[in-house]
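Below: final-v8.csv (CSV, C-alpha atoms and all ligand atoms)
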```csv
chain,number,residue,atom,x,y,z
A,8,MET,CA,6.1,-10.9,9.7
A,9,ALA,CA,7.8,-8.3,12.0
A,10,ALA,CA,10.5,-10.8,12.8
A,11,LEU,CA,10.9,-12.5,9.5
A,12,SER,CA,11.3,-16.2,10.0
A,13,LYS,CA,13.9,-18.2,8.0
A,14,ALA,CA,11.1,-20.0,6.2
A,15,ALA,CA,9.4,-16.7,5.3
A,16,GLU,CA,12.7,-15.3,4.0
A,17,GLN,CA,13.3,-18.4,2.0
A,18,GLN,CA,9.8,-18.2,0.5
A,19,ILE,CA,10.3,-14.6,-0.6
A,20,VAL,CA,13.6,-15.6,-2.2
A,21,GLU,CA,11.7,-18.4,-4.0
A,22,ILE,CA,9.1,-15.8,-5.2
A,23,CYS,CA,11.9,-13.6,-6.6
A,24,ASP,CA,13.3,-16.7,-8.3
A,25,ARG,CA,10.0,-17.3,-10.2
A,26,TYR,CA,10.6,-14.0,-12.1
A,27,ARG,CA,14.3,-14.1,-12.6
A,28,ASP,CA,13.8,-14.2,-16.4
A,29,THR,CA,11.1,-11.5,-16.5
A,30,ALA,CA,12.1,-8.1,-17.8
A,31,THR,CA,10.0,-6.1,-15.3
A,32,PRO,CA,9.3,-8.5,-12.4
A,33,LEU,CA,8.6,-6.1,-9.5
A,34,ILE,CA,4.8,-5.9,-9.6
A,35,MET,CA,4.5,-9.7,-10.0
A,36,ILE,CA,6.9,-10.4,-7.1
A,37,LEU,CA,5.1,-7.9,-4.9
A,38,SER,CA,1.7,-9.3,-5.9
A,39,ASP,CA,2.8,-12.8,-4.9
A,40,ILE,CA,4.0,-11.6,-1.6
A,41,GLN,CA,0.8,-9.6,-1.0
A,42,ASN,CA,-1.3,-12.7,-1.8
A,43,GLU,CA,0.8,-15.0,0.3
A,44,TYR,CA,1.1,-12.8,3.4
A,45,GLY,CA,-1.7,-10.3,3.1
A,46,TYR,CA,0.8,-7.4,3.1
A,47,VAL,CA,4.3,-6.4,2.0
A,48,PRO,CA,6.3,-5.5,5.2
A,49,PRO,CA,9.6,-3.6,5.0
A,50,GLU,CA,11.6,-6.8,5.8
A,51,ALA,CA,10.2,-8.4,2.7
A,52,GLN,CA,10.9,-5.3,0.6
A,53,ALA,CA,14.6,-5.5,1.7
A,54,ILE,CA,14.8,-9.1,0.6
A,55,VAL,CA,13.3,-8.2,-2.8
A,56,SER,CA,15.8,-5.4,-3.2
A,57,ARG,CA,18.7,-7.7,-2.3
A,58,GLU,CA,17.5,-10.4,-4.8
A,59,THR,CA,16.5,-8.1,-7.7
A,60,GLY,CA,18.9,-5.2,-7.3
A,61,ILE,CA,16.0,-2.8,-7.4
A,62,SER,CA,16.3,-0.1,-4.8
A,63,VAL,CA,14.3,-0.2,-1.6
A,64,ALA,CA,13.1,3.3,-2.4
A,65,LYS,CA,11.7,2.2,-5.7
A,66,ILE,CA,10.0,-0.8,-4.2
A,67,TYR,CA,8.5,1.3,-1.4
A,68,GLY,CA,7.2,3.7,-4.0
A,69,VAL,CA,5.4,1.0,-5.9
A,70,VAL,CA,4.0,-0.6,-2.7
A,71,THR,CA,2.6,2.8,-1.5
A,72,PHE,CA,1.4,3.8,-5.0
A,73,TYR,CA,-0.9,0.9,-5.7
A,74,SER,CA,-3.8,0.5,-3.3
A,75,PHE,CA,-3.7,-3.3,-3.9
A,76,PHE,CA,-0.5,-3.5,-1.8
A,77,SER,CA,-0.5,-3.0,2.0
A,78,LEU,CA,2.3,-2.2,4.3
A,79,VAL,CA,0.5,-3.6,7.3
A,80,PRO,CA,-1.6,-6.7,7.8
A,81,ASN,CA,-5.2,-6.2,6.9
A,82,GLY,CA,-8.0,-6.7,9.5
A,83,LYS,CA,-10.1,-9.9,9.4
A,84,TYR,CA,-12.8,-7.9,7.6
A,85,VAL,CA,-11.8,-5.5,4.9
A,86,ILE,CA,-14.4,-2.8,4.3
A,87,GLY,CA,-14.0,-1.4,0.8
A,88,CYS,CA,-15.9,1.8,0.3
A,89,CYS,CA,-16.2,2.8,-3.4
A,90,LEU,CA,-15.4,6.5,-4.0
A,91,GLY,CA,-15.6,6.2,-7.8
A,92,THR,CA,-17.6,8.8,-9.6
A,93,ALA,CA,-21.0,7.1,-9.6
A,94,CYS,CA,-20.7,6.3,-5.9
A,95,TYR,CA,-19.3,9.7,-5.0
A,96,VAL,CA,-22.2,11.7,-6.6
A,97,LYS,CA,-24.6,9.5,-4.6
A,98,GLY,CA,-23.1,10.2,-1.3
A,99,ALA,CA,-20.2,7.7,-0.8
A,100,GLN,CA,-18.1,10.2,1.1
A,101,ALA,CA,-20.7,10.4,3.9
A,102,VAL,CA,-20.8,6.6,4.0
A,103,ILE,CA,-17.0,6.2,4.4
A,104,ASP,CA,-17.0,9.1,6.9
A,105,LYS,CA,-19.5,7.2,9.0
A,106,PHE,CA,-17.4,4.0,8.9
A,107,SER,CA,-14.4,6.1,9.9
A,108,GLU,CA,-16.3,7.7,12.8
A,109,LEU,CA,-17.7,4.5,14.2
A,110,LEU,CA,-14.5,2.4,13.8
A,111,GLY,CA,-12.2,5.3,14.9
A,112,ILE,CA,-9.8,4.8,12.0
A,113,ASP,CA,-9.1,6.6,8.7
A,114,PRO,CA,-9.2,4.9,5.3
A,115,GLY,CA,-6.1,2.7,4.9
A,116,GLN,CA,-6.0,1.9,8.6
A,117,THR,CA,-6.9,-1.2,10.7
A,118,THR,CA,-8.7,-1.2,14.0
A,119,PRO,CA,-6.4,-2.0,17.0
A,120,ASP,CA,-8.2,-5.3,17.6
A,121,GLY,CA,-7.3,-6.4,14.1
A,122,MET,CA,-11.0,-6.8,13.2
A,123,PHE,CA,-11.6,-4.2,10.5
A,124,THR,CA,-9.6,-2.5,7.8
A,125,LEU,CA,-11.2,0.5,6.0
A,126,ASP,CA,-10.3,1.1,2.4
A,127,ALA,CA,-11.3,3.8,-0.1
A,128,LEU,CA,-11.6,2.2,-3.5
A,129,ARG,CA,-12.1,3.3,-7.1
A,130,CYS,CA,-15.0,1.8,-9.1
A,131,ILE,CA,-15.8,-1.7,-8.0
A,132,GLY,CA,-18.0,-2.4,-11.0
A,133,ALA,CA,-21.3,-1.9,-9.1
A,134,CYS,CA,-22.2,1.6,-10.3
A,135,GLY,CA,-25.9,0.6,-10.8
A,136,ILE,CA,-26.3,0.1,-7.0
A,137,ALA,CA,-24.2,3.1,-5.9
A,138,PRO,CA,-23.0,3.9,-3.4
A,139,ALA,CA,-21.6,0.4,-3.0
A,140,VAL,CA,-19.4,-1.0,-0.2
A,141,SER,CA,-17.8,-4.5,-0.1
A,142,VAL,CA,-16.9,-6.4,3.0
A,143,ASN,CA,-14.5,-9.3,2.2
A,144,GLY,CA,-16.1,-9.4,-1.3
A,145,LYS,CA,-19.8,-9.2,-0.2
A,146,VAL,CA,-21.3,-6.1,-1.8
A,147,TYR,CA,-23.8,-3.9,0.0
A,148,PRO,CA,-25.9,-1.7,-2.3
A,149,LYS,CA,-27.2,1.8,-2.1
A,150,LEU,CA,-25.7,2.5,1.2
A,151,THR,CA,-26.5,5.5,3.4
A,152,PRO,CA,-24.7,6.5,6.6
A,153,ASP,CA,-27.6,5.3,8.7
A,154,LYS,CA,-27.1,1.7,7.5
A,155,VAL,CA,-23.4,1.7,8.5
A,156,PRO,CA,-23.9,0.7,12.2
A,157,GLU,CA,-25.9,-2.4,11.3
A,158,ILE,CA,-23.1,-3.6,8.9
A,159,ILE,CA,-20.5,-3.2,11.6
A,160,GLU,CA,-22.8,-4.9,14.0
A,161,GLU,CA,-23.3,-7.8,11.6
A,162,TYR,CA,-19.6,-8.6,11.6
A,163,ARG,CA,-19.2,-8.0,15.3
A,164,THR,CA,-22.0,-10.4,16.0
A,165,LYS,CA,-20.6,-12.9,13.6
A,166,GLU,CA,-17.2,-12.7,15.4
A,167,ALA,CA,-18.8,-13.0,18.8
A,168,LYS,CA,-20.7,-16.2,17.7
A,169,SER,CA,-17.5,-17.8,16.4
A,170,ALA,CA,-15.5,-16.9,19.5
B,201,LIG,S1,-18.2,4.1,-9.0
B,201,LIG,FE1,-18.7,2.9,-7.3
B,201,LIG,S2,-19.1,1.0,-8.2
B,201,LIG,FE2,-18.6,2.2,-9.9
```
Translate this file's structure into structure tokens.
Ligand code: FES
Amino acid sequence: MAALSKAAEQQIVEICDRYRDTATPLIMILSDIQNEYGYVPPEAQAIVSRETGISVAKIYGVVTFYSFFSLVPNGKYVIGCCLGTACYVKGAQAVIDKFSELLGIDPGQTTPDGMFTLDALRCIGACGIAPAVSVNGKVYPKLTPDKVPEIIEEYRTKEAKSA
């Protein structure tokens, strides 16, 4: 959405209109934009500010505070590594470090080919199978760093087959 199209701009105005009568509309507006576009770019934040009168600084603060919101488009496959307590004590840091090392990105970043986004998450509700990782919602249980290469390979192979 780097160069925001007229249609996209209109759609964001419409999203703002949905919550005109809501006392605290910001989270709902930003959630709808995130769900619609997969991220909340600065251009969209500027429109929300114009439409709601909420400062860009406040909007930016909310977008960067909640991990649900993203400032850049996510990769095709979003790898969510749980760093909640149960996962952490069972070695989740080593797992996410391995993803980082093999993909060449830090948590919160996307690979240059747009294939993978790496996210550090709080508890994803799978503590019994810690450390847990989800890829586009598919949960991988009891991960260890040595299993990380085959997960990445699984998605690279899937992508190669669909190309
Ligand atoms: S702490 Fe990781 S799933 Fe609960």
Restrict the calculation to all atoms listed in the file, then for each residue of chain A with any atom at most 7 Å from an atom of ligand LIG 201 (chain B) give the closest atom pair and their distance in Å to one decimal, rows by chain and rising residue number, as JSON lines.
```
{"residue": "A:Cys89", "atom": "CA", "partner": "B:LIG201", "partner_atom": "FE1", "distance": 4.6}
{"residue": "A:Leu90", "atom": "CA", "partner": "B:LIG201", "partner_atom": "FE1", "distance": 5.9}
{"residue": "A:Gly91", "atom": "CA", "partner": "B:LIG201", "partner_atom": "S1", "distance": 3.6}
{"residue": "A:Thr92", "atom": "CA", "partner": "B:LIG201", "partner_atom": "S1", "distance": 4.8}
{"residue": "A:Ala93", "atom": "CA", "partner": "B:LIG201", "partner_atom": "S1", "distance": 4.1}
{"residue": "A:Cys94", "atom": "CA", "partner": "B:LIG201", "partner_atom": "FE1", "distance": 4.2}
{"residue": "A:Tyr95", "atom": "CA", "partner": "B:LIG201", "partner_atom": "S1", "distance": 7.0}
{"residue": "A:Arg129", "atom": "CA", "partner": "B:LIG201", "partner_atom": "S1", "distance": 6.4}
{"residue": "A:Cys130", "atom": "CA", "partner": "B:LIG201", "partner_atom": "FE2", "distance": 3.7}
{"residue": "A:Ile131", "atom": "CA", "partner": "B:LIG201", "partner_atom": "S2", "distance": 4.3}
{"residue": "A:Gly132", "atom": "CA", "partner": "B:LIG201", "partner_atom": "S2", "distance": 4.5}
{"residue": "A:Ala133", "atom": "CA", "partner": "B:LIG201", "partner_atom": "S2", "distance": 3.7}
{"residue": "A:Cys134", "atom": "CA", "partner": "B:LIG201", "partner_atom": "FE2", "distance": 3.7}
{"residue": "A:Ala137", "atom": "CA", "partner": "B:LIG201", "partner_atom": "FE1", "distance": 5.7}
{"residue": "A:Pro138", "atom": "CA", "partner": "B:LIG201", "partner_atom": "FE1", "distance": 5.9}
{"residue": "A:Ala139", "atom": "CA", "partner": "B:LIG201", "partner_atom": "FE1", "distance": 5.8}
```
Against region 152-158 of chain A, which residues of region 64-134 of chain A fall within 7 Å? For each one I want the closest pair of atoms and the distance in Å (one decimal), counting all atoms listed in the file, rows by chain and increasing residue number, as CSV.
```
residue,atom,partner,partner_atom,distance
A:Ala101,CA,A:Pro152,CA,6.2
A:Val102,CA,A:Pro152,CA,4.7
A:Lys105,CA,A:Pro152,CA,5.8
A:Phe106,CA,A:Val155,CA,6.4
```
*CA of Ala14 (chain A) and CA of Ala30 (chain A), how far apart in Å?*
26.8 Å
*Would you mind telling me which residue in A:Ala167, A:Gln52, A:Val142, A:Glu21 lies nearest to Lys65 (chain A) when using all atoms listed in the file?*
A:Gln52
_Close residues, Phe123 (chain A) itself excluded, 12 Å, only C-alpha atoms, min 3 positions apart in chain, as a ChimeraX atom specification_ = /A:80-87,106-107,109-120,126,142-143,158-160,162-163,166
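Among the candidates A:Ala64, A:Leu11, A:Leu33, A:Cys23, the one nearest to Pro48 (chain A) when counting all atoms listed in the file is A:Leu11.
CA of Ser12 (chain A) is found 17.6 Å from CA of Ser56 (chain A).
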Find the spatial neighbours of Val63 (chain A), counting only C-alpha atoms, within a cut-off of 9 Å - ignore same-chain residues fewer than 4 positions away - and output them as an mmCIF file with C-alpha atoms, keeping the file's coordinate frame.
```cif
data_model
loop_
_atom_site.group_PDB
_atom_site.id
_atom_site.type_symbol
_atom_site.label_atom_id
_atom_site.label_comp_id
_atom_site.auth_asym_id
_atom_site.auth_seq_id
_atom_site.Cartn_x
_atom_site.Cartn_y
_atom_site.Cartn_z
ATOM 1 C CA PRO A 49 9.600 -3.600 5.000
ATOM 2 C CA GLN A 52 10.900 -5.300 0.600
ATOM 3 C CA ALA A 53 14.600 -5.500 1.700
ATOM 4 C CA VAL A 55 13.300 -8.200 -2.800
ATOM 5 C CA SER A 56 15.800 -5.400 -3.200
ATOM 6 C CA ARG A 57 18.700 -7.700 -2.300
ATOM 7 C CA TYR A 67 8.500 1.300 -1.400
ATOM 8 C CA GLY A 68 7.200 3.700 -4.000
#
```
